[in-house]
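As structure tokens, the structure follows; a few thoughts come after it.
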Amino acid sequence: MAATALVIISETAARAGVVEGHLPWHPDAGSPPEAVQPGPWQFFSPQEAAAVEALADRIIPPDPQTPGGKDAGCAVFIDRQLAGAYGHRQGLYTKPPFVKGTKQQGPQSAQNPAETYRSALAALDRYCRSKEGGKSWIDLSAERQDELLHGIEDGKVDLEGIDAKSFFDTLLKDMQAAFFADPIYGGNRDMCAWKMIGFPGARYDYRDWVGRHNERYPYPPVSIAGRPDWTPKST
Amino acid sequence: MTRQLPKKDVVIIGLGWTGSIMANELAEEGLDVVAIERGPWRDTATDYPPNYVQDELRYRIRHELFLQPDQTTFTFRNKMDQRALPIRSWGAFMPPNGVGGGGVHWNAETWRFLPSDFVLRTHLTQRYGARFLPTDMTIQDWGITYDELEPHYDRFEYLCGTSGTAGNLKGEIKEGGNPFEGPRSRPYPNPAQQQPFSHTLFAKGARELGYKPFPQPSGNMSQAYTNPLGVRLGPCTYCGFCEWFGCANYSKASPQTTILPVLVRRRNFQVRDQSEVTRINVDSSGKRATGVTFVDTSGTEWEQPADLVILSAYTVFNVQLLLLSGIGKPYDPVANQGVIGRNFTHQTISDVTSFFDPAKFTFNPFIASGSIGMCIDEFNGDNFDHGPHGFVGGGYMGQVQTNGRPIQTTPTPPGTPKWGAKWKQAVRESYQSSLKPGTGVHGSMYSYRDVYLDLDPTYQDRFKRPLMRITMDFHDNELKQNAFLTDKFAEIFQAMGARQVVKEYRKGPYDITDYQTTHLCGGAVMGTDPKTSAINRYLQSWDVPNLFVMGASGFPQNAGYNPTGTLAALAFWSAQAIRSRYLKSPGPLVHA
């Protein structure tokens, strides 16, 4: 197997090693997540970002108790995900040939999610400008946006050059992840989605509560990054 | 150029549950042991500590602790006349990677198989006649009995500190336990875990229907525990980030929390991590393994000679290494000959989601552990008369509240849109008052002539080795079984007072994108006849007697339980045979 000697494995910084004699230990070892920082869009153009924020508010509309997808930061979440490992299918199997198979065989796209979003958002914009009197997606009324999205979901509206229905499935999954993931990733701002359903987040210890039956758990959620009121406000 | 390492007594391929058990047993015997592990060294404090492990996106959605498909994956098709395509992102099952293997991120559901499961073909033929079985079903006896395996189940449960309630103590049926289980020599080492509301409600509903519910045997600690090796585990905190995650509390049995702290301190043991074995080497006779070849992260190829080779990777990788090393005759489903790749199985899983009145029911679904649960076993294995039903097999079923993690677990009633204001409102209303068991109906999958493993003709891994090709579909027997069990399961939720019960039957074709379990089994099965098995009753290769193959790849068919208890017991059983017999006189332990 001469070929194996040429392979350079790049997916991880960790190197092969030998463990013997004692459990390995290094001070400060670990790999905590990197929290998303506010700031400019990293993947989306400003036009794309505005379109995705509008999509976020249709998929998860604001209501009197809970913010919608836009204010929850769902577009920020998706932007950072597309700029990172998810957008580029890091760690996934991406060798050709790409052959369309059965539904049971799973997605076989040659495109990664970053490319899929880019082409789908462009196709959505082209569709609106040609079919909606020259308006762009963000200029449509909420009712018209909903109608269009229902059409895409039901396979009745085709967007040129892309599989619109499959893109919409991806978008729904990503929006739900954005809304419910830990707020360190940019969505679920102020843990608004967790407060909406009563999920306590990262608390990690319910020994006092496992035996308290049919009683609502009363404590507010905690993120991996803590809670805003734990951080002293600078004056 | 391949670099040569000094010879060892034993080389172990893959340091998960069975590799760790075998390494510890053989190191205790005084042998010089090296384990070679494809993935990284992992431990609680550094890789899944309590300050950031509770991250649904990172571990559940993005699969951080699992094998990365770009390292290697499989191709899949339902039928032999289809073109198989690669699994580009994991779906139906989640191959492990790294030290601890699947033991890091399992639920820790720690079951024993039924006595009849080990003599399945004999048992079913005697009870129903040979003609009751489908003609293409290839189930067979294991070559071992429950009674032979019992002491080894016991050792694993005491190693793990399994929490549970005995149902059959030395033949005496005990109230509150599983009355169908085989006799156990002593009680579980720990009492059952405390049960949340939905579980006590399930138990009440099940009892009203005449069943005997019992707490699921759990490798999540109900209390602090010190195991026979002196390793200590802490009490489970019901954190709800168990399966798919590592446990930050040292509360879930894993190689890290039960064996490795002792094993790594042994002077005659070492681990090489981030090193992938690419081949088991055999001498020119083809009947003796001389060691293994592996590649490290720099791309350097190494040869590790050894007297004894233990193959203890994940099911499909065991089969792949045998095929790539030319050990054993590859299975040919057309000719119905050969053994490597034969009798490949998975599980037949389904669920029931139920919706209760939010004004009356609050379940706190996030108060959860991977294997906490109330289960019934009336419809498992051959615990009921299959005569009227026209199928064989079965499974346990239970309300197993594993999580309330909201990306994954926000059920909405049927008819709810998938997005928009109505979706949002339904999520808000249903979260606290709906039940979606993490494990629902956990059915057997029996083996068939056209469900098997071989090497893919097209797709390759990063070393340009052919990927394994999975050919798998559900057969009518399993779909009938599942329809029957799912209906029975749903009746219990009706009895609990649900206002809406949604049955999610398992339907064909088998779908590689839909998570079922990671319980892939078979492909290098144990048995009594080298024509229909790859390994003998001691897990020893028929072809290469200094090679032993651990794990669920040895199961001739899969029972209606999680496999870890059984594959770990088999590792102890095999280790005992090596220690007491093989080392004194290396050679075949069974003469066919």
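Following the order of the structure tokens, chains are lettered A, B, ..., residues in each are numbered from 1, and ligands are numbered from 1.
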Against chain B, which residues of chain A fall within 6 Å? For each one I want the closest pair of atoms and the distance in Å (one decimal), counting only C-alpha atoms, rows by chain and increasing residue number, as a Markdown table.
```
| residue | atom | partner | partner_atom | distance |
| --- | --- | --- | --- | --- |
| A:Thr4 | CA | B:Phe463 | CA | 5.2 |
| A:Ala5 | CA | B:Gly299 | CA | 5.0 |
| A:Val7 | CA | B:Gly299 | CA | 5.2 |
| A:Ile8 | CA | B:Gly299 | CA | 5.5 |
| A:Ile9 | CA | B:Thr297 | CA | 5.7 |
| A:Arg15 | CA | B:Thr297 | CA | 5.7 |
| A:Ala16 | CA | B:Gln274 | CA | 4.5 |
| A:Gly17 | CA | B:Asp273 | CA | 5.6 |
| A:Val18 | CA | B:Arg272 | CA | 4.6 |
| A:Val19 | CA | B:Val271 | CA | 5.1 |
| A:Glu20 | CA | B:Gln270 | CA | 4.7 |
| A:Gly21 | CA | B:Arg265 | CA | 4.6 |
| A:His22 | CA | B:Arg265 | CA | 5.1 |
| A:Ala29 | CA | B:Thr46 | CA | 5.6 |
| A:Gly30 | CA | B:Thr46 | CA | 4.4 |
| A:Arg58 | CA | B:Gly420 | CA | 6.0 |
| A:Ile59 | CA | B:Gly420 | CA | 4.7 |
| A:Ile60 | CA | B:Gly420 | CA | 5.3 |
| A:Pro61 | CA | B:Ala421 | CA | 5.8 |
| A:Gly91 | CA | B:Gln68 | CA | 5.1 |
| A:Leu92 | CA | B:Pro69 | CA | 4.8 |
| A:Tyr93 | CA | B:Asp70 | CA | 4.4 |
| A:Gln104 | CA | B:Asp511 | CA | 4.3 |
| A:Gln105 | CA | B:Ile512 | CA | 5.8 |
| A:Gly106 | CA | B:Thr513 | CA | 5.6 |
| A:Ala177 | CA | B:Ile407 | CA | 5.4 |
| A:Phe180 | CA | B:Ile407 | CA | 5.4 |
| A:Ala181 | CA | B:Leu57 | CA | 5.8 |
| A:Ile197 | CA | B:Arg428 | CA | 5.0 |
| A:Ala202 | CA | B:Gln54 | CA | 5.6 |
| A:Tyr204 | CA | B:Cys239 | CA | 4.2 |
| A:Asp205 | CA | B:Thr237 | CA | 4.6 |
| A:Tyr206 | CA | B:Tyr238 | CA | 5.6 |
| A:Arg207 | CA | B:Thr237 | CA | 5.3 |
| A:Val210 | CA | B:Pro196 | CA | 5.1 |
| A:Gly211 | CA | B:Pro196 | CA | 5.9 |
| A:His213 | CA | B:Phe197 | CA | 4.8 |
| A:Asn214 | CA | B:Thr362 | CA | 4.8 |
| A:Ile224 | CA | B:Tyr52 | CA | 5.7 |
```
Just want the 8 Å neighbourhood of segment 138-149 of chain A, counted on only C-alpha atoms, with same-chain residues fewer than 6 positions away dropped. Output as a compact mmCIF listing (two decimals) with C-alpha atoms, in the first residue's frame.
```txt
# COMPACT_ATOMS: atom_id res chain seq x y z
CA ALA A 50 -31.44 41.32 4.22
CA ALA A 51 -33.15 38.54 2.27
CA ALA A 54 -36.75 38.55 5.89
CA ARG A 58 -41.50 34.51 7.83
CA VAL A 157 -42.96 27.39 -7.48
```
What separation in Å, quoted to one decimal, exists between atom CA of Pro95 of chain B and atom CA of Thr518 of chain B? 7.0 Å
If we count only C-alpha atoms and set the cut-off at 8 Å, which residues sit around Gly161 of chain B, ignoring sequence neighbours fewer than 4 positions away in its own chain? Please answer as a list in words.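 Here the answer would be Glu157, Tyr188, Pro189, Asn190, Gly219, Met221, Tyr225, Thr226, Asn227 and Ala253 of chain B.
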Excluding segment 32-45 of chain A and any residue of its chain fewer than 6 positions from it, enumerate the residues within 6 Å of it, using only C-alpha atoms, and give them as a count of residues only. 5
Find the residues near Glu150 of chain B: any atom within 9 Å, counting only C-alpha atoms, skip ones fewer than 6 places away on the same chain, and give them as a PyMOL selection string. chain B and resi 112+182-185+569
Keeping only N, CA and C atoms, write the selected residues as a tab-separated table (two decimals), in the first residue's frame.
```tsv
chain	number	residue	atom	x	y	z
B	112	ARG	N	-29.27	-7.57	28.63
B	112	ARG	CA	-28.86	-8.94	28.28
B	112	ARG	C	-29.83	-9.46	27.22
B	182	GLY	N	-33.28	-13.76	31.46
B	182	GLY	CA	-32.66	-15.01	31.91
B	182	GLY	C	-32.25	-14.87	33.36
B	183	PRO	N	-32.06	-16.02	34.04
B	183	PRO	CA	-31.69	-15.94	35.45
B	183	PRO	C	-30.35	-15.23	35.62
B	184	ARG	N	-30.30	-14.32	36.59
B	184	ARG	CA	-29.03	-13.64	36.89
B	184	ARG	C	-28.51	-14.13	38.22
B	185	SER	N	-27.17	-14.17	38.36
B	185	SER	CA	-26.57	-14.76	39.55
B	185	SER	C	-26.63	-13.83	40.76
B	569	ALA	N	-19.98	-8.78	27.21
B	569	ALA	CA	-19.93	-10.09	27.86
B	569	ALA	C	-19.15	-11.07	27.01
```
If you run DSSP on the backbone here, which positions in segment 535-572 of chain B get helix (DSSP H, G or I)? Please write them as a count of residues only. 12
